[in-house]
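Data from data_0.cif: mmCIF, C-alpha atoms
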```cif
data_structure
#
loop_
_atom_site.label_atom_id
_atom_site.label_comp_id
_atom_site.auth_asym_id
_atom_site.auth_seq_id
_atom_site.Cartn_x
_atom_site.Cartn_y
_atom_site.Cartn_z
CA MET A 1070 99.33 82.52 104.89
CA SER A 1071 97.81 79.16 105.42
CA GLU A 1072 94.97 79.54 107.86
CA ARG A 1073 91.69 80.19 106.18
CA LEU A 1074 88.78 82.33 107.08
CA SER A 1075 85.77 80.64 108.55
CA PRO A 1076 83.31 79.20 106.05
CA ASP A 1077 80.83 81.81 107.12
CA LEU A 1078 83.14 84.71 106.29
CA GLU A 1079 84.27 82.96 103.15
CA ALA A 1080 80.63 82.86 102.00
CA LEU A 1081 80.35 86.60 102.54
CA LEU A 1082 83.46 87.20 100.49
CA ALA A 1083 82.21 84.89 97.77
CA ALA A 1084 79.12 87.06 97.45
CA GLU A 1085 81.30 90.12 97.10
CA ARG A 1086 83.41 88.43 94.45
CA ARG A 1087 80.27 88.01 92.40
CA ALA A 1088 79.35 91.67 92.62
CA PRO A 1089 78.01 92.83 89.26
CA ASP A 1090 80.34 94.73 87.02
CA PRO A 1091 79.72 98.40 86.40
CA PRO A 1092 77.30 99.12 83.58
CA ALA A 1093 78.78 99.44 80.12
CA ALA A 1094 77.62 103.03 79.95
CA VAL A 1095 79.78 103.85 82.96
CA ARG A 1096 82.76 102.11 81.46
CA ASP A 1097 82.34 104.02 78.22
CA ARG A 1098 81.80 107.33 79.97
CA VAL A 1099 84.93 107.00 82.06
CA TRP A 1100 86.92 105.96 79.00
CA THR A 1101 85.80 109.06 77.18
CA ARG A 1102 87.05 111.14 80.07
CA VAL A 1103 90.33 109.26 80.23
CA GLU A 1104 90.97 109.96 76.57
CA ALA A 1105 90.10 113.60 76.99
CA GLY A 1106 92.25 113.77 80.09
CA ILE A 1107 95.26 112.33 78.33
CA VAL A 1108 95.08 114.85 75.56
CA ALA A 1109 94.40 117.71 77.90
CA GLY A 1110 97.01 116.59 80.37
CA ALA A 1111 99.78 116.12 77.86
CA ALA A 1112 100.76 119.75 77.82
CA ALA A 1113 100.71 120.11 81.59
CA GLY A 1114 102.46 116.81 82.10
CA MET A 1115 105.28 117.70 79.80
CA ALA A 1116 105.66 121.08 81.39
CA ALA A 1117 106.08 119.30 84.70
CA GLY A 1118 108.60 117.04 83.10
CA GLU A 1119 106.86 113.91 84.27
CA ALA A 1120 105.63 112.34 81.09
CA SER A 1121 108.26 110.27 79.47
CA ALA A 1122 106.46 109.73 76.24
CA ALA A 1123 109.26 107.78 74.71
CA SER A 1124 109.54 105.17 77.40
CA ALA A 1125 105.80 104.97 77.78
CA SER A 1126 105.19 104.22 74.17
CA ALA A 1127 108.10 101.82 73.97
CA SER A 1128 106.86 99.47 76.59
CA ALA A 1129 103.27 100.10 75.74
CA GLY A 1130 104.14 97.99 72.77
CA VAL A 1131 105.27 95.15 74.96
CA LEU A 1132 102.23 95.25 77.14
CA GLY A 1133 100.06 95.71 74.13
CA SER A 1134 101.38 92.64 72.45
CA LYS A 1135 100.73 90.51 75.47
CA LEU A 1136 97.22 91.80 75.68
CA TRP A 1137 96.62 91.32 72.01
CA ALA A 1138 97.65 87.74 72.47
CA LEU A 1139 95.00 87.45 75.14
CA VAL A 1140 92.47 89.03 72.87
CA GLY A 1141 93.26 86.59 70.12
CA VAL A 1142 92.82 83.57 72.32
CA ALA A 1143 89.55 84.89 73.56
CA ALA A 1144 88.40 85.46 70.02
CA ILE A 1145 88.88 81.84 69.17
CA GLY A 1146 87.12 80.89 72.31
CA GLY A 1147 84.01 82.58 71.14
CA GLY A 1148 84.55 86.05 72.39
CA VAL A 1149 84.42 86.46 76.07
CA PHE A 1150 86.57 89.47 75.78
CA VAL A 1151 85.70 92.85 74.53
CA ALA A 1152 88.34 95.23 73.39
CA THR A 1153 87.04 98.66 72.91
CA ARG A 1154 88.65 100.44 70.06
CA PRO A 1155 89.56 103.96 70.67
CA SER A 1156 89.08 106.20 67.75
CA ALA A 1157 92.28 108.09 68.08
CA PRO A 1158 95.84 107.26 68.97
CA HIS A 1159 96.83 107.98 72.49
CA ALA A 1160 100.25 109.31 72.08
CA PRO A 1161 100.40 112.43 74.14
CA GLN A 1162 99.79 115.32 71.86
CA PRO A 1163 100.74 118.62 73.33
CA ALA A 1164 98.10 120.29 71.29
CA VAL A 1165 95.14 121.06 73.40
CA VAL A 1166 95.48 123.73 75.95
CA ALA A 1167 92.98 123.03 78.61
CA ALA A 1168 92.10 125.89 80.81
CA ALA A 1169 88.80 125.11 82.41
CA PRO A 1170 88.89 125.49 86.16
CA GLU A 1171 88.18 122.52 88.31
CA VAL A 1172 84.55 122.20 89.15
CA SER A 1173 83.22 120.08 91.93
CA ALA A 1174 80.02 118.93 90.31
CA PRO A 1175 79.85 117.13 87.03
CA VAL A 1176 78.53 119.38 84.33
CA ALA A 1177 77.12 117.99 81.16
CA VAL A 1178 78.89 119.71 78.36
CA ARG A 1179 80.26 118.49 75.12
CA PRO A 1180 83.91 117.66 75.14
CA ALA A 1181 86.03 120.48 73.90
CA SER A 1182 87.70 118.23 71.44
CA PRO A 1183 85.60 117.49 68.39
CA SER A 1184 86.79 113.92 68.47
CA PRO A 1185 83.82 111.92 69.63
CA ALA A 1186 86.05 109.35 71.22
CA VAL A 1187 83.45 106.72 70.90
CA GLU A 1188 84.54 103.17 70.79
CA ALA A 1189 83.80 101.20 67.76
CA PRO A 1190 81.66 98.17 68.35
CA ALA A 1191 83.55 95.67 70.32
CA VAL A 1192 86.02 93.76 68.28
CA ALA A 1193 87.68 90.72 69.63
CA ALA A 1194 90.85 90.75 67.62
CA PRO A 1195 92.99 93.22 65.84
CA ALA A 1196 92.35 92.86 62.18
CA SER A 1197 95.95 93.26 61.32
CA GLU A 1198 97.35 90.63 63.61
CA ALA A 1199 94.95 87.79 63.90
CA PRO A 1200 93.19 87.50 60.63
CA ALA A 1201 92.46 83.88 61.28
CA SER A 1202 90.21 84.73 64.12
CA ALA A 1203 87.81 86.42 61.77
CA GLU A 1204 85.96 83.21 61.62
CA ALA A 1205 85.39 83.15 65.31
CA PRO A 1206 81.75 83.08 66.21
CA ALA A 1207 79.98 86.30 66.81
CA VAL A 1208 81.42 88.12 69.71
CA ALA A 1209 79.26 87.93 72.73
CA ALA A 1210 79.70 91.51 73.62
CA PRO A 1211 78.54 92.17 77.12
CA ALA A 1212 77.81 95.72 76.15
CA PRO A 1213 75.79 95.71 72.99
CA ALA A 1214 73.91 98.84 73.80
CA THR A 1215 76.97 100.96 73.76
CA ALA A 1216 78.25 100.01 70.39
CA GLU A 1217 77.58 103.24 68.68
CA ALA A 1218 75.76 105.33 71.14
CA PRO A 1219 77.57 108.61 71.22
CA VAL A 1220 78.59 108.37 74.81
CA VAL A 1221 76.72 110.85 76.89
CA ALA A 1222 79.17 113.58 77.33
CA GLU A 1223 80.20 113.83 80.88
CA ALA A 1224 82.24 116.93 81.21
CA PRO A 1225 85.78 115.83 80.51
CA ARG A 1226 87.10 118.06 83.17
CA PRO A 1227 90.52 118.80 81.94
CA ALA A 1228 91.87 116.02 83.98
CA PRO A 1229 94.27 116.85 86.74
CA PRO A 1230 97.00 114.40 85.99
CA ALA A 1231 99.60 116.03 88.15
CA ARG A 1232 97.42 115.72 91.19
CA ALA A 1233 97.11 111.98 90.97
CA GLN A 1234 100.80 111.44 91.02
CA ALA A 1235 100.93 109.33 94.13
CA PRO A 1236 103.13 106.49 92.93
CA ARG A 1237 106.74 107.27 92.47
CA PRO A 1238 107.89 106.11 89.13
CA ALA A 1239 109.95 103.05 89.71
CA PRO A 1240 112.98 102.45 87.56
CA THR A 1241 112.01 100.65 84.45
CA ARG A 1242 112.37 96.97 85.10
CA ALA A 1243 111.50 95.60 81.73
CA ALA A 1244 114.70 94.41 80.20
CA PRO A 1245 114.93 94.82 76.45
CA ARG A 1246 115.68 91.12 76.16
CA ARG A 1247 112.22 90.40 77.44
CA GLU A 1248 110.63 92.26 74.59
CA GLY A 1249 112.39 89.98 72.15
CA ASP A 1250 111.26 86.92 74.06
CA LEU A 1251 107.75 88.15 74.20
CA ALA A 1252 107.66 88.88 70.51
CA ALA A 1253 108.98 85.40 69.75
CA GLU A 1254 106.42 83.87 72.04
CA ARG A 1255 103.67 85.82 70.47
CA ARG A 1256 104.67 84.76 66.97
CA LEU A 1257 104.46 81.11 67.96
CA LEU A 1258 101.09 81.58 69.54
CA ASP A 1259 99.89 83.53 66.53
CA ASP A 1260 100.88 80.61 64.34
CA ALA A 1261 99.02 78.26 66.61
CA ARG A 1262 95.98 80.47 66.73
CA ARG A 1263 95.80 80.83 62.97
CA ALA A 1264 96.10 77.11 62.51
CA VAL A 1265 93.41 76.35 65.05
CA ALA A 1266 91.08 78.95 63.64
CA ALA A 1267 91.62 77.52 60.16
CA GLY A 1268 90.65 74.10 61.45
CA ASP A 1269 94.13 72.62 61.39
CA ALA A 1270 94.25 71.53 65.00
CA ALA A 1271 97.30 69.33 64.48
CA ALA A 1272 99.39 72.23 63.20
CA GLY A 1273 98.08 74.34 66.06
CA LEU A 1274 99.09 71.76 68.62
CA ALA A 1275 102.50 71.46 67.01
CA ALA A 1276 103.03 75.21 67.27
CA LEU A 1277 101.94 75.08 70.89
CA ASP A 1278 104.42 72.29 71.56
CA ARG A 1279 107.15 74.43 70.02
CA HIS A 1280 106.15 77.25 72.33
CA ALA A 1281 106.17 74.95 75.34
CA ARG A 1282 109.66 73.70 74.51
CA ALA A 1283 111.11 77.11 73.74
CA HIS A 1284 109.37 79.02 76.53
CA PRO A 1285 108.49 76.59 79.31
CA ARG A 1286 108.15 79.49 81.74
CA GLY A 1287 107.26 82.16 79.25
CA HIS A 1288 105.07 85.20 79.62
CA LEU A 1289 102.27 83.68 77.63
CA THR A 1290 101.91 80.28 79.25
CA GLU A 1291 98.38 81.08 80.28
CA GLU A 1292 97.45 81.95 76.71
CA ARG A 1293 99.23 78.86 75.44
CA ASP A 1294 97.41 76.55 77.80
CA ALA A 1295 94.06 78.10 76.93
CA LEU A 1296 94.76 77.84 73.24
CA ARG A 1297 95.73 74.20 73.64
CA ILE A 1298 92.31 73.44 75.04
CA HIS A 1299 90.67 75.06 72.03
CA ALA A 1300 92.95 73.08 69.74
CA LEU A 1301 92.11 69.83 71.50
CA VAL A 1302 88.41 70.58 71.16
CA ARG A 1303 88.87 71.24 67.46
CA ALA A 1304 90.78 68.01 67.16
CA GLY A 1305 87.89 66.16 68.75
CA ARG A 1306 90.06 65.06 71.68
CA LEU A 1307 87.45 66.00 74.21
CA ASP A 1308 88.77 63.93 77.10
CA ASP A 1309 92.18 65.50 76.68
CA ALA A 1310 90.54 68.91 76.40
CA ARG A 1311 88.61 68.40 79.60
CA ALA A 1312 91.68 67.22 81.46
CA ALA A 1313 93.66 70.19 80.15
CA ALA A 1314 90.84 72.52 81.16
CA ALA A 1315 90.86 71.15 84.69
CA ARG A 1316 94.60 71.77 84.90
CA PHE A 1317 94.14 75.22 83.42
CA HIS A 1318 91.54 76.22 85.99
CA ALA A 1319 93.67 74.86 88.79
CA ARG A 1320 96.68 76.79 87.61
CA PHE A 1321 94.91 80.00 86.59
CA PRO A 1322 91.76 80.07 88.69
CA ARG A 1323 90.99 83.68 87.89
CA SER A 1324 91.99 83.73 84.27
CA LEU A 1325 90.25 85.99 81.84
CA LEU A 1326 90.45 83.12 79.42
CA GLY A 1327 88.65 80.68 81.69
CA PRO A 1328 85.13 81.45 80.47
CA GLY A 1329 86.24 81.00 76.86
CA VAL A 1330 87.73 77.63 77.69
CA ASP A 1331 84.53 76.53 79.37
CA ALA A 1332 82.45 77.80 76.49
CA ALA A 1333 84.51 75.86 73.98
CA LEU A 1334 84.03 72.69 76.00
CA ALA A 1335 80.35 73.35 76.45
CA ARG A 1336 79.86 73.82 72.71
CA SER A 1337 81.64 70.60 72.00
CA ALA A 1338 79.58 68.58 74.44
CA PRO A 1339 77.45 65.99 72.70
CA MET B 312 82.07 95.51 63.05
CA HIS B 313 84.61 98.22 62.66
CA GLU B 314 88.05 97.30 61.62
CA VAL B 315 91.07 99.23 62.61
CA ALA B 316 92.73 99.20 59.24
CA ASP B 317 92.48 102.92 58.93
CA GLU B 318 94.52 103.40 62.06
CA THR B 319 98.24 103.38 62.09
CA THR B 320 98.61 100.08 63.81
CA SER B 321 102.13 100.79 64.96
CA GLU B 322 100.64 103.32 67.35
CA ARG B 323 98.26 100.84 68.81
CA PRO B 324 97.34 102.21 72.20
CA ALA B 325 97.97 99.69 74.88
CA LEU B 326 96.04 101.72 77.39
CA ALA B 327 92.81 100.89 75.60
CA ASP B 328 93.54 97.20 75.96
CA VAL B 329 94.33 97.49 79.62
CA TYR B 330 91.20 99.50 80.13
CA ALA B 331 88.99 97.09 78.24
CA ALA B 332 90.29 94.10 80.12
CA HIS B 333 90.55 95.54 83.60
CA PHE B 334 88.17 98.43 84.08
CA GLY B 335 85.81 96.21 86.04
CA HIS B 336 88.57 95.04 88.31
CA VAL B 337 89.74 98.57 89.03
CA TRP B 338 86.16 99.60 89.70
CA HIS B 339 85.60 96.80 92.20
CA THR B 340 88.94 97.47 93.83
CA LEU B 341 88.09 101.11 94.38
CA ARG B 342 84.73 100.19 95.86
CA ARG B 343 86.35 97.70 98.16
CA LEU B 344 88.90 100.26 99.25
CA GLY B 345 86.09 102.54 100.32
CA VAL B 346 85.76 105.00 97.49
CA GLN B 347 82.22 106.25 97.67
CA ALA B 348 79.79 105.54 94.85
CA ARG B 349 79.53 109.18 93.91
CA ASP B 350 83.29 109.45 93.52
CA LEU B 351 83.90 106.18 91.72
CA GLU B 352 83.91 107.53 88.20
CA ASP B 353 86.22 110.39 89.08
CA VAL B 354 88.66 108.16 90.90
CA ALA B 355 88.61 105.43 88.25
CA HIS B 356 89.34 108.12 85.69
CA GLU B 357 92.35 109.25 87.70
CA VAL B 358 93.59 105.71 88.08
CA PHE B 359 93.72 105.24 84.34
CA LEU B 360 95.47 108.55 83.83
CA VAL B 361 98.16 107.32 86.19
CA VAL B 362 98.21 103.98 84.40
CA HIS B 363 98.72 105.82 81.13
CA ARG B 364 101.72 107.64 82.51
CA ARG B 365 103.22 104.59 84.14
CA LEU B 366 102.86 102.01 81.42
CA GLY B 367 106.56 102.55 80.81
CA ASP B 368 107.32 101.24 84.29
CA PHE B 369 105.27 98.11 83.97
CA ASP B 370 107.21 94.89 84.09
CA PRO B 371 105.39 92.57 81.69
CA SER B 372 106.53 89.50 83.58
CA ARG B 373 104.27 90.51 86.42
CA SER B 374 100.54 90.47 86.87
CA VAL B 375 98.86 93.43 85.18
CA ARG B 376 95.98 93.10 87.54
CA ALA B 377 98.13 93.26 90.66
CA TRP B 378 99.99 96.24 89.25
CA LEU B 379 96.72 98.03 88.54
CA THR B 380 95.49 97.23 92.01
CA GLY B 381 98.59 98.86 93.47
CA ILE B 382 97.93 102.00 91.46
CA ALA B 383 94.24 101.98 92.39
CA TYR B 384 95.24 101.72 96.04
CA LYS B 385 97.54 104.72 95.87
CA VAL B 386 95.01 106.84 94.06
CA ALA B 387 92.29 105.77 96.48
CA ALA B 388 94.54 106.65 99.41
CA ASP B 389 95.12 110.12 97.96
CA GLU B 390 91.46 110.55 97.33
CA ARG B 391 90.68 109.54 100.87
CA ARG B 392 93.13 112.04 102.29
CA ARG B 393 91.72 114.79 100.12
CA ALA B 394 88.13 113.99 100.76
CA ARG B 395 88.18 112.74 104.32
CA HIS B 396 85.83 115.43 105.49
CA ARG B 397 83.29 114.38 102.92
CA TYR B 398 83.04 110.84 104.17
CA GLU B 399 80.40 109.71 106.51
CA VAL B 400 81.90 106.38 107.09
CA LEU B 401 79.14 103.98 107.90
CA ASP B 402 76.11 105.85 106.67
CA ASP B 403 76.69 105.82 102.98
CA ASP B 404 74.86 103.20 101.04
CA PRO B 405 77.55 100.69 100.19
CA ARG B 406 75.76 99.22 97.18
CA PRO B 407 74.24 102.02 95.23
CA THR B 408 75.54 100.79 91.91
CA GLU B 409 73.20 97.84 92.00
CA ALA B 410 69.69 97.91 90.71
CA PRO B 411 67.33 97.49 93.63
CA ALA B 412 64.26 96.38 91.71
CA LEU B 413 62.88 92.89 91.42
CA ALA B 414 65.47 91.14 93.49
CA THR B 415 64.82 87.53 94.24
CA ASP B 416 65.43 86.32 97.75
CA ALA B 417 68.79 84.96 96.72
CA GLU B 418 69.77 88.22 95.09
CA ALA B 419 68.64 90.15 98.11
CA ALA B 420 70.65 87.88 100.36
CA ALA B 421 73.72 88.30 98.17
CA ARG B 422 73.29 92.06 98.26
CA ASP B 423 72.99 92.03 102.01
CA ALA B 424 76.14 89.94 102.21
CA ARG B 425 78.00 92.41 100.01
CA ALA B 426 76.75 95.32 102.06
CA LEU B 427 77.97 93.62 105.21
CA VAL B 428 81.38 93.01 103.64
CA HIS B 429 81.70 96.66 102.70
CA GLN B 430 80.63 97.87 106.11
CA ALA B 431 83.06 95.54 107.81
CA LEU B 432 85.85 96.65 105.49
CA GLU B 433 85.30 100.18 106.77
CA ALA B 434 86.68 99.03 110.10
CA LEU B 435 90.07 98.30 108.54
CA HIS B 436 92.94 100.71 108.13
CA LEU B 437 93.41 101.32 104.46
CA GLU B 438 96.84 99.73 104.32
CA HIS B 439 95.46 96.60 105.98
CA ARG B 440 92.34 96.73 103.92
CA VAL B 441 94.15 96.65 100.61
CA VAL B 442 96.12 93.57 101.64
CA PHE B 443 92.97 91.83 102.77
CA VAL B 444 91.13 92.73 99.57
CA MET B 445 93.98 91.62 97.36
CA HIS B 446 94.56 88.37 99.19
CA ASP B 447 91.18 87.18 100.36
CA LEU B 448 88.96 88.68 97.67
CA ASP B 449 91.17 88.84 94.60
CA GLY B 450 93.30 85.82 95.36
CA PHE B 451 96.67 87.41 94.71
CA THR B 452 99.67 85.72 96.26
CA ALA B 453 101.51 87.39 99.09
CA GLN B 454 104.46 87.94 96.78
CA GLU B 455 102.30 89.61 94.15
CA ILE B 456 100.89 91.86 96.83
CA ALA B 457 104.34 92.71 98.13
CA ASP B 458 105.45 93.62 94.62
CA ALA B 459 102.37 95.63 93.78
CA LEU B 460 102.39 97.60 97.00
CA GLU B 461 106.16 97.78 97.26
CA ILE B 462 106.19 96.48 100.80
CA PRO B 463 108.13 93.57 102.37
CA LEU B 464 106.61 90.13 102.28
CA ASN B 465 106.51 89.92 106.06
CA THR B 466 104.52 93.12 106.15
CA VAL B 467 101.98 91.56 103.84
CA TYR B 468 101.54 88.67 106.23
CA SER B 469 101.31 90.77 109.34
CA ARG B 470 98.82 93.15 107.76
CA LEU B 471 96.74 90.28 106.48
CA ARG B 472 96.63 88.73 109.92
CA ALA B 473 95.59 91.99 111.53
CA ALA B 474 93.07 92.70 108.81
CA ARG B 475 91.39 89.34 109.13
CA LEU B 476 91.01 89.71 112.86
CA ARG B 477 89.48 93.12 112.51
CA PHE B 478 87.25 92.08 109.67
CA GLU B 479 85.95 89.15 111.63
CA ASN B 480 85.24 91.29 114.67
CA ALA B 481 83.54 93.92 112.56
CA VAL B 482 81.25 91.37 110.95
CA ARG B 483 80.33 90.03 114.34
CA LYS B 484 79.57 93.50 115.68
CA LEU B 485 77.56 94.55 112.67
CA ARG B 486 75.46 91.42 112.86
CA ARG B 487 74.84 91.94 116.53
CA ARG B 488 73.79 95.50 115.88
CA LYS B 489 71.43 94.38 113.17
CA ASP B 490 69.87 91.66 115.30
CA GLY B 491 69.41 94.06 118.15
CA ARG B 492 67.36 96.43 116.06
#
```
What does this structure look like when you write it as structure tokens?
Amino acid sequence: MSERLSPDLEALLAAERRAPDPPAAVRDRVWTRVEAGIVAGAAAGMAAGEASAASASASAGVLGSKLWALVGVAAIGGGVFVATRPSAPHAPQPAVVAAAPEVSAPVAVRPASPSPAVEAPAVAAPASEAPASAEAPAVAAPAPATAEAPVVAEAPRPAPPARAQAPRPAPTRAAPRREGDLAAERRLLDDARRAVAAGDAAAGLAALDRHARAHPRGHLTEERDALRIHALVRAGRLDDARAAAARFHARFPRSLLGPGVDAALARSAP
Amino acid sequence: MHEVADETTSERPALADVYAAHFGHVWHTLRRLGVQARDLEDVAHEVFLVVHRRLGDFDPSRSVRAWLTGIAYKVAADERRRARHRYEVLDDDPRPTEAPALATDAEAAARDARALVHQALEALHLEHRVVFVMHDLDGFTAQEIADALEIPLNTVYSRLRAARLRFENAVRKLRRRKDGR
């Protein structure tokens, strides 16, 4: 749709776009409940025959790898991204039998499960996959206060997963071939990221060029373009970096990686 | 800083990553779709339970954010149906999650603008509202919206047109009402 809103309305919407994010405590509290709900709901979900654990975990890997790629780029960029680490795996475990009745008011009780489900302090990269990023500058965690506070236990009402089943499961669209492509893409970007983090910008740029040739319209083009800017900064090619950043912002105006790109440029400014 | 070496990394939970990256977006989406402040945590919780179950359906070539928005919309629509009797449409404070203290003039003006946006959004049918929010606030393309909401592209355009008209009228009316006070 081409016609735009009036400048006046656009200004209103711009204010709404800048609405502050929910407090970290809220984010942590809801996450605690989600974890509890998954465990509690596993039994019910399986009874209802709706949870396809196998397919969920299979493509969780695909999605996960894309997101980890994002995390890695952000780590190099100085940490604009916070990945909370859950303390327990999320595979549905039909272990807990939740029987508490639904209550309409939140009640402050301890979670039934002894697992505290508290996120570790924000880490910006998985230790196992992006070791190079360990040298990234201290993560600017937007939520320092929550690092180890044992999240105030909001009653993890044994979540009602069946109730929220509005969307009909669509047939799985992710072709297996894609997973292979994505993995290949991620390997190239991992190479690039390690090189850049180790200070070898030339090797990083070469890996990025390989990615661009092999996957011109890949899944990780956004990550590649962001990483290229970091590599150019490391290489001291600031004019190129700035030009690439302008293209990046034009192409991905709402990218999660945008702030990291800007921060890298800002740090490099004389 | 904790490391995750003691975890079995092969079972890395993707949900945690999605949550970490997009909780804020889901939260704002729910607010913009009219979920009341007191219900936000409950509804956000439900959204991520659905996300957990549907990760297997996600097509990684598409926008995660748009996909999440589609899920948030469906959960919000359910919530609205369930809780309709609880809603007092225009009387609820539309910005209770923001700290009221020590606002500068600019902050106060921004808050007023956001409150006006939320009040005007209340004038929109939910299925129009979600298209408007996704397009004019989030900046998704019409095609992304069509995919996320599983509706035809033409429907996206027609709903967007209708939503903008209504939104504009609502803003005008709300301002008039305010000035007349």
Expected answer as a ChimeraX atom specification: chain B residues within 8 Å of chain A, all atoms listed in the file
/B:312-316,318,320,322-332,334-335,338-339,352-353,355-361,363-372,382,385-386,389,408-409,421-422,424-425,427-428,447-449,453,468,475,479
Return the single residue from B:Thr452, B:Glu433, B:His446, B:Ile462 that is closest to Asn480 of chain B, with distances computed using all atoms listed in the file.
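For Asn480 of chain B, the nearest of the candidates is B:Glu433.
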With the PyMOL selection byres ((chain B and resi 384) around 8) as the selection, what would be picked from this file? Answer as a ChimeraX atom specification, please.
/B:340-341,344,380-383,385-388,441
Report, in Å with one decimal, the straight-line distance from atom CA of Ala481 of chain B to atom CA of Ala431 of chain B.
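Those two atoms sit 5.0 Å apart.
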Let me know the residues the PyMOL selection byres ((chain A and resi 1315) around 12) catches in the file above, as an MDAnalysis selection string.
chainID A and resid 1294:1295 1298 1308:1314 1316:1322 1327 1330:1331 1334
Please produce a file of the residues just selected, as an mmCIF file, in the coordinates of the input, where the atoms kept are C-alpha atoms.
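Written file, selection_37.cif:
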```cif
data_model
loop_
_atom_site.group_PDB
_atom_site.id
_atom_site.type_symbol
_atom_site.label_atom_id
_atom_site.label_comp_id
_atom_site.auth_asym_id
_atom_site.auth_seq_id
_atom_site.Cartn_x
_atom_site.Cartn_y
_atom_site.Cartn_z
ATOM 1 C CA ASP A 1294 97.410 76.550 77.800
ATOM 2 C CA ALA A 1295 94.060 78.100 76.930
ATOM 3 C CA ILE A 1298 92.310 73.440 75.040
ATOM 4 C CA ASP A 1308 88.770 63.930 77.100
ATOM 5 C CA ASP A 1309 92.180 65.500 76.680
ATOM 6 C CA ALA A 1310 90.540 68.910 76.400
ATOM 7 C CA ARG A 1311 88.610 68.400 79.600
ATOM 8 C CA ALA A 1312 91.680 67.220 81.460
ATOM 9 C CA ALA A 1313 93.660 70.190 80.150
ATOM 10 C CA ALA A 1314 90.840 72.520 81.160
ATOM 11 C CA ARG A 1316 94.600 71.770 84.900
ATOM 12 C CA PHE A 1317 94.140 75.220 83.420
ATOM 13 C CA HIS A 1318 91.540 76.220 85.990
ATOM 14 C CA ALA A 1319 93.670 74.860 88.790
ATOM 15 C CA ARG A 1320 96.680 76.790 87.610
ATOM 16 C CA PHE A 1321 94.910 80.000 86.590
ATOM 17 C CA PRO A 1322 91.760 80.070 88.690
ATOM 18 C CA GLY A 1327 88.650 80.680 81.690
ATOM 19 C CA VAL A 1330 87.730 77.630 77.690
ATOM 20 C CA ASP A 1331 84.530 76.530 79.370
ATOM 21 C CA LEU A 1334 84.030 72.690 76.000
#
```
To one decimal place, how far is atom CA of Asp1259 of chain A from atom CA of Val337 of chain B in Å?
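Taking atom CA of Asp1259 of chain A as the start and atom CA of Val337 of chain B as the end point, the length is 28.9 Å.
Minimum atom-to-atom distance to Leu437 of chain B, evaluated using only C-alpha atoms, belongs to B:Ala474 out of B:Ala417, B:Val354, B:Ala394, B:Ala474.
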Which value, in Å to one decimal, gives the distance between atom CA of Ser469 of chain B and atom CA of Leu432 of chain B?
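Spanning atom CA of Ser469 of chain B to atom CA of Leu432 of chain B is a straight-line distance of 17.0 Å.
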Looking at all atoms listed in the file, which of A:Leu1307, A:Ala1283, A:Ala1338, A:Val1302 is the one that sits closest to Gly1268 of chain A?
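Ranked by minimum distance to Gly1268 of chain A, first place goes to A:Val1302.
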Which is closest to Val375 of chain B among B:Asp350, B:Asp490, B:Glu455, B:Glu390, if we use all atoms listed in the file?
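Comparing B:Asp350, B:Asp490, B:Glu455, B:Glu390 against Val375 of chain B, the winner is B:Glu455.
Proximity to Ala1270 of chain A was assessed for A:Leu1326, A:Ala1300, A:Ala1253, A:Ala1105 counting all atoms listed in the file; the smallest distance is recorded for A:Ala1300.
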Name the closest residue to His336 of chain B among the candidates B:Arg376, B:Arg472, B:Arg393, B:His439; distances are taken between atoms, counting all atoms listed in the file.
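Of all the options, B:Arg376 lies closest to His336 of chain B.
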Any idea what's packed within 10 Å of His1280 of chain A, counting all atoms listed in the file, ignoring anything in its chain fewer than 5 positions away? Could you give it as a list in words?
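Listing them by chain and then by number gives Ala1253, Glu1254, Arg1255, Arg1256, Leu1257, Leu1258, Ala1261, Leu1274, Ala1275, Pro1285, Arg1286, Gly1287, Leu1289, Thr1290 and Arg1293 of chain A.
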